[in-house]
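To start, the structure under review is shown below, and the notes come after it.
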Amino acid sequence: MTMFDEETLKKALAQAANEFSVSATAPDRILEQARSADMTEKPRRIEALYHHLGRSKSIVMSLAASVVVVAVAVPLFLSEQPGVTFSAVGAISTHSQKKIAVSGTGFMSGQSPTPDGTQGVVSNTGTPFTTLTGTPTLGLVTTNSSKTSSANASSSSLRVEEVGTIDLTIGGRQFQTTLTQLTAFATADGGFVSSTHATMGTKKKGTFSVASIVLQVPEHKFAILVDQVRHVGHATSVFTSANDVTGQYVDLQARIAALQVSRSQYLKIMTRTNSINGILAVQSQLNSIQSQIEQLQGQLNLLNTETTYGTLSVALTQSGAVHVAPAHPRSGFNKAWHDSITGFVSGFEWLLRIAGPLLFALILLAVLAMLGRLTWRATQRRRS
Amino acid sequence: MSDLVDVAELRAWLEEGYASSVRTAYLILGNRLDAEDAVQESFLRAWKFRDSLSSDSNFKPWLYRVVVNTCNSKLRKEIPHRDHRSREDELAGVAAIDDPMGRVALSNDVMTALKDLPTHLRIVVVLRYYADLSERDIATAIGRQPGTVKSRLSDARARLAAHPALQYDTTGEMDDRQERHS
């Protein structure tokens with residue numbers, strides 16, 4: 001049978017603890033130590049370093065450390081920002097590539113392809129069609145812009161060639177309306193419809209309507225048009241590309257000017273030539289130069305057109321799902337769940353994105369701290 | 001002037017808590033010299049960081065916290081690396097020459113059982129049953145939640161109750177103890 005109980009334990013512990021008498025002088029010793037020893041809290045290492053180095057050196061070192069931190073942190077931060085990259089010499093270039101995921105929806109069988117079940121083909125030019133996206137799936141919005149700088153090109157005479165493609169899925173009932181709407185966008189922005197091709201699906205055959213339309217608008221209105229078109233339907237893929245051709249443009253102009261000067265020189269020579277052979281030789285040269293001028297002029301005109309107008313190819317695909325979506329918006333719970341999942345994925349993506357630079361910064365700080373510690377120890381050892 | 005006031009405050013601390021702190025440390029460490037060392041170090045440390053004691057917080061658990069931390073530090077760093085010490089100072093070796101009632105024998109049994117407890121359990125037992133701290137104060141002293149303290153105390157009680165040194169017949173307990181002691 002056990003003897004253990006709390007009272008017994010208390011008594012036994014008290015008895016054991018009281019077996020010896022506590023030294024009466026020990027508190028005095030502690031008091032003495034407290035008086036004699038420097039009992040103020042030992043200054044922190046940073047403060048000690050500050051006192052050791054002096055004010056001016058500390059300030060200089062702090063500034064140097066700040067510069068190092070800024071020099072490391074700013075490029076790291078900017079590297080996270082799309083559109084701006086730091087080159088080795090510190091120049092900022094504007095090469096960017098953005099990718100935005102757009103969720104797509106598939107075809108819904110059983111939906112009426114067209115409201116009236118008509119079938120027809122509308123075509124107004126022989127311009128080659130852009131690729132049509134048959135089944136809308138998870139798409140990418142890609143923006144790709146590159147600029148090649150030209151030494152003799154001023155910013156006011158920039159020539160930028162802008163092209164883009166957008167894949168849209170539209171509800172069957174909205175298909176015809178959307179085509180009209182797209183044409184209206186182009187004309188409202190001072191542009192025109194370069195080509196259109198539409199095939200209307202039939203309910204009977206179970207086919208879907210598809211269309212392709214190429215819009216051209218003044219270059220400065222291109223971004224607005226892209227934005228307008230993206231919101232007409234469900235954009236499953238958006239691609240835009242801007243290419244600075246100023247250098248090429250200026251080069252063509254210079255070559256044409258040089259050839260024109262040569263041509264005028266040959267014309268002068270021709271007026272002074274009396275022999276038939278001489279005239280023929282000069283004429284041959286003139287023909288060659290004229291041919292080159294026309295060829296280059298053609299290239300220049302093409303560039304002119306391409307840079308004056310931005311070209312946007314829109315591929316339309318019918319989808320019942322997109323039509324149904326506005327009529328049945330997500331319920332509160334469904335929406336909350338969807339938002340929650342999206343938020344989770346975004347948060348995870350953010351963590352992954354930031355993990356690399358953060359790890360690098362931490363390693364750098366650790367190395368700096370280790371160096372500082374070693375220096376500090378060496379200094380202390382030398383002092384002692 | 002302020003130094004004098006502060007030292008007077010330390011004197012008050014020592015008068016209030018030195019003896020009980022030494023005995024508590026002794027029960028935790030099982031050695032008187034270590035206990036005195038630990039308590040001296042604890043008081044000096046507590047004095048050094050006295051600013052961290054806010055005016056509304058309770059002094060006793062705070063001081064015990066410093067003592068317990070110092071004891072833990074000694075148990076972790078110093079004592080395991082030491083050579084075999086004389087057992088004369090150890091509690092288990094304490095034996096009264098004149099102990100007709102067998103009380104020392106009882107305390108020896110309890111202390112043997114206490115020494116067999118893991119340190120974290122021994123600390124809560126000592127703080128609860130010797131220092132007489134409440135569970136909340138023990139929680140403050142060891143830097144854990146009150147629930148953890150409760151759980152540790154329960155565990156410690158169960159272990160003590162099952163310890164062989166504390167298993168004997170109540171009817172013949174005194175004879176047993178006197179017999180063992182002699």
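Following the order of the structure tokens, chains are lettered A, B, ..., residues in each are numbered from 1, and ligands are numbered from 1.
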
Please identify every residue of chain A that has at least one atom no farther than 9 Å from an atom of chain B, counting only C-alpha atoms, and for each give the shortest atom pair and the distance in Å to one decimal, arranged by chain then increasing number, as JSON lines.
```
{"residue": "A:Met1", "atom": "CA", "partner": "B:Asp169", "partner_atom": "CA", "distance": 5.4}
{"residue": "A:Thr2", "atom": "CA", "partner": "B:Gln167", "partner_atom": "CA", "distance": 4.8}
{"residue": "A:Met3", "atom": "CA", "partner": "B:Leu166", "partner_atom": "CA", "distance": 6.1}
{"residue": "A:Phe4", "atom": "CA", "partner": "B:Ala161", "partner_atom": "CA", "distance": 5.5}
{"residue": "A:Asp5", "atom": "CA", "partner": "B:Ala161", "partner_atom": "CA", "distance": 7.9}
{"residue": "A:Glu6", "atom": "CA", "partner": "B:Tyr129", "partner_atom": "CA", "distance": 7.6}
{"residue": "A:Glu7", "atom": "CA", "partner": "B:Tyr129", "partner_atom": "CA", "distance": 8.5}
{"residue": "A:Thr8", "atom": "CA", "partner": "B:Leu106", "partner_atom": "CA", "distance": 8.9}
{"residue": "A:Leu9", "atom": "CA", "partner": "B:Val110", "partner_atom": "CA", "distance": 6.9}
{"residue": "A:Lys10", "atom": "CA", "partner": "B:Tyr129", "partner_atom": "CA", "distance": 5.0}
{"residue": "A:Lys11", "atom": "CA", "partner": "B:Ser107", "partner_atom": "CA", "distance": 8.1}
{"residue": "A:Ala12", "atom": "CA", "partner": "B:Ser107", "partner_atom": "CA", "distance": 4.4}
{"residue": "A:Leu13", "atom": "CA", "partner": "B:Tyr130", "partner_atom": "CA", "distance": 6.0}
{"residue": "A:Ala14", "atom": "CA", "partner": "B:Tyr130", "partner_atom": "CA", "distance": 6.1}
{"residue": "A:Gln15", "atom": "CA", "partner": "B:Ser107", "partner_atom": "CA", "distance": 6.5}
{"residue": "A:Ala16", "atom": "CA", "partner": "B:Ser107", "partner_atom": "CA", "distance": 5.7}
{"residue": "A:Ala17", "atom": "CA", "partner": "B:Arg23", "partner_atom": "CA", "distance": 5.3}
{"residue": "A:Asn18", "atom": "CA", "partner": "B:Arg23", "partner_atom": "CA", "distance": 7.3}
{"residue": "A:Glu19", "atom": "CA", "partner": "B:Val94", "partner_atom": "CA", "distance": 7.8}
{"residue": "A:Phe20", "atom": "CA", "partner": "B:Arg32", "partner_atom": "CA", "distance": 8.5}
{"residue": "A:Ser21", "atom": "CA", "partner": "B:Ala19", "partner_atom": "CA", "distance": 8.8}
{"residue": "A:Val22", "atom": "CA", "partner": "B:Ala19", "partner_atom": "CA", "distance": 6.1}
{"residue": "A:Ser23", "atom": "CA", "partner": "B:Ala19", "partner_atom": "CA", "distance": 8.5}
{"residue": "A:Ala26", "atom": "CA", "partner": "B:Gln40", "partner_atom": "CA", "distance": 7.9}
{"residue": "A:Pro27", "atom": "CA", "partner": "B:Leu14", "partner_atom": "CA", "distance": 6.2}
{"residue": "A:Asp28", "atom": "CA", "partner": "B:Arg11", "partner_atom": "CA", "distance": 8.4}
{"residue": "A:Arg29", "atom": "CA", "partner": "B:Gln40", "partner_atom": "CA", "distance": 8.6}
{"residue": "A:Ile30", "atom": "CA", "partner": "B:Gln40", "partner_atom": "CA", "distance": 6.3}
{"residue": "A:Leu31", "atom": "CA", "partner": "B:Arg11", "partner_atom": "CA", "distance": 7.0}
{"residue": "A:Gln33", "atom": "CA", "partner": "B:Leu44", "partner_atom": "CA", "distance": 8.0}
{"residue": "A:Ala34", "atom": "CA", "partner": "B:Leu44", "partner_atom": "CA", "distance": 6.6}
{"residue": "A:Arg35", "atom": "CA", "partner": "B:Val7", "partner_atom": "CA", "distance": 7.4}
{"residue": "A:Met39", "atom": "CA", "partner": "B:Lys48", "partner_atom": "CA", "distance": 5.4}
{"residue": "A:Thr40", "atom": "CA", "partner": "B:Lys48", "partner_atom": "CA", "distance": 6.2}
{"residue": "A:Glu41", "atom": "CA", "partner": "B:Lys48", "partner_atom": "CA", "distance": 6.1}
```

### Query
If you measure from CA of Trp62 (chain B) to CA of Ser36 (chain A), what distance in Å do you get, rounded to one decimal?
24.5 Å

### Task
Quote the spacing between CA of Gln380 (chain A) and CA of Tyr50 (chain A) in Å to one decimal place.
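Spanning CA of Gln380 (chain A) to CA of Tyr50 (chain A) is a straight-line distance of 13.3 Å.
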
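Among the candidate residues A:Val238, A:Lys203, A:Ile293, A:Val282, the one lying nearest to Met270 (chain A) is A:Val282, with distances computed using only C-alpha atoms.
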